[in-house]
Amino acid sequence: MTREQLAQSIKRDCALIESLFTRKNQSYGANDDAFYNFTKGAELLFDEATYDTKFRTLMAYLTKHIVTLAKSDAILNDPEFEERCLDVAVYMLIARAMKKEIIKIESEEPKHE
């Protein structure tokens, strides 16, 4: 594969990531809380839903894909290999959105001096 072919492959995958997210977005959250599943997961796992525990919950959900992908024969024999790779990308983009939300909320908080 050439560098140009790789670039084209990544561009196609970005479109697939967007399509996957659009299809699965309804299960990722609620209309008023995009991180609803991570909030509820954090409450179950850590007894509280802080930014840290929601992120750690996201990482736990992500880990199931990583563990499956890490199997020695996954690249050739896992029929869900392609979608799992895209799921990993979606989880990382959700993590980036969480960080943006935290920064936004913290910047809106009054400063105590």
# chains A, B, ... in the order shown; residues from 1 in each chain; ligands from 1
>>> residues_around(residues="Ala97 (chain A)", least_positions_apart="6", cutoff="12 Å", atoms="only C-alpha atoms", output="VMD selection string")
chain A and resid 34 to 35 51 55 58 90 to 91 103 to 104
>>> write_last_selection(atoms="C-alpha atoms", output="tab-separated table (two decimals), in the first residue's frame")
chain	number	residue	atom	x	y	z
A	34	ALA	CA	-25.11	12.66	25.28
A	35	PHE	CA	-23.05	10.77	27.84
A	51	TYR	CA	-16.03	13.39	34.87
A	55	PHE	CA	-14.26	8.61	31.37
A	58	LEU	CA	-15.91	4.78	28.62
A	90	VAL	CA	-15.93	6.28	17.90
A	91	TYR	CA	-15.16	5.75	21.60
A	103	ILE	CA	-13.35	22.38	29.59
A	104	LYS	CA	-16.51	24.27	28.60
>>> atom_distance(atom1="CA of Thr68 (chain A)", atom2="CA of Glu80 (chain A)")
9.7 Å
>>> select_by_dssp(residues="chain A", states="alpha helix (DSSP H)", output="PyMOL selection string")
chain A and resi 3-28+36-46+51-69+74-77+81-108
>>> atom_distance(atom1="CA of Thr57 (chain A)", atom2="CA of Thr39 (chain A)")
8.2 Å
>>> residues_around(residues="Leu69 (chain A)", least_positions_apart="4", cutoff="9 Å", atoms="only C-alpha atoms", output="list in words")
Lys64, His65, Asp73, Ala74, Ile75, Asp78, Phe81, Arg84 and Cys85 of chain A
>>> write_last_selection(atoms="C-alpha atoms", output="PDB file, in the first residue's frame")
ATOM      1  CA  LYS A  64     -13.966  -5.073  25.484  1.00  0.00           C
ATOM      2  CA  HIS A  65     -13.219  -4.196  21.854  1.00  0.00           C
ATOM      3  CA  ASP A  73      -6.351 -14.480  14.979  1.00  0.00           C
ATOM      4  CA  ALA A  74      -8.762 -11.535  15.192  1.00  0.00           C
ATOM      5  CA  ILE A  75      -7.510  -9.704  12.112  1.00  0.00           C
ATOM      6  CA  ASP A  78     -13.210 -12.101  13.613  1.00  0.00           C
ATOM      7  CA  PHE A  81     -13.066  -6.974  13.067  1.00  0.00           C
ATOM      8  CA  ARG A  84     -14.764  -3.197  16.186  1.00  0.00           C
ATOM      9  CA  CYS A  85     -11.948  -1.028  14.811  1.00  0.00           C
TER      10      CYS A  85
END
>>> residues_around(residues="Lys54 (chain A)", least_positions_apart="2", cutoff="9 Å", atoms="only C-alpha atoms", output="list in words")
Phe35, Asn37, Phe38, Thr39, Lys40, Gly41, Ala42, Glu43, Glu48, Ala49, Thr50, Tyr51, Asp52, Arg56, Thr57, Leu58, Met59 and Met98 of chain A
>>> write_last_selection(atoms="C-alpha atoms", output="compact mmCIF listing (two decimals), in the first residue's frame")
# COMPACT_ATOMS: atom_id res chain seq x y z
CA PHE A 35 -23.05 10.77 27.84
CA ASN A 37 -24.76 5.53 29.23
CA PHE A 38 -21.42 6.55 30.68
CA THR A 39 -23.14 8.44 33.51
CA LYS A 40 -25.27 5.42 34.42
CA GLY A 41 -22.35 3.05 33.94
CA ALA A 42 -20.22 5.19 36.26
CA GLU A 43 -22.95 5.15 38.89
CA GLU A 48 -20.84 8.22 41.44
CA ALA A 49 -20.81 9.92 38.07
CA THR A 50 -17.95 12.40 37.97
CA TYR A 51 -16.03 13.39 34.87
CA ASP A 52 -13.31 10.96 35.91
CA ARG A 56 -13.13 5.46 33.18
CA THR A 57 -16.46 3.84 32.26
CA LEU A 58 -15.91 4.78 28.62
CA MET A 59 -12.48 3.18 28.81
CA MET A 98 -16.17 14.60 26.97
>>> closest_residue(among="A:Asn25, A:Thr2, A:Ser72, A:Ser107", to="Ile94 (chain A)", atoms="only C-alpha atoms")
A:Asn25
>>> closest_residue(among="A:Ala70, A:Leu62, A:Gln26, A:Phe46", to="Ala89 (chain A)", atoms="only C-alpha atoms")
A:Leu62
>>> closest_residue(among="A:Val67, A:Ala60, A:Leu44, A:Leu86", to="Ile17 (chain A)", atoms="only C-alpha atoms")
A:Leu86
>>> atom_distance(atom1="CA of Gln8 (chain A)", atom2="CA of Lys71 (chain A)")
27.4 Å
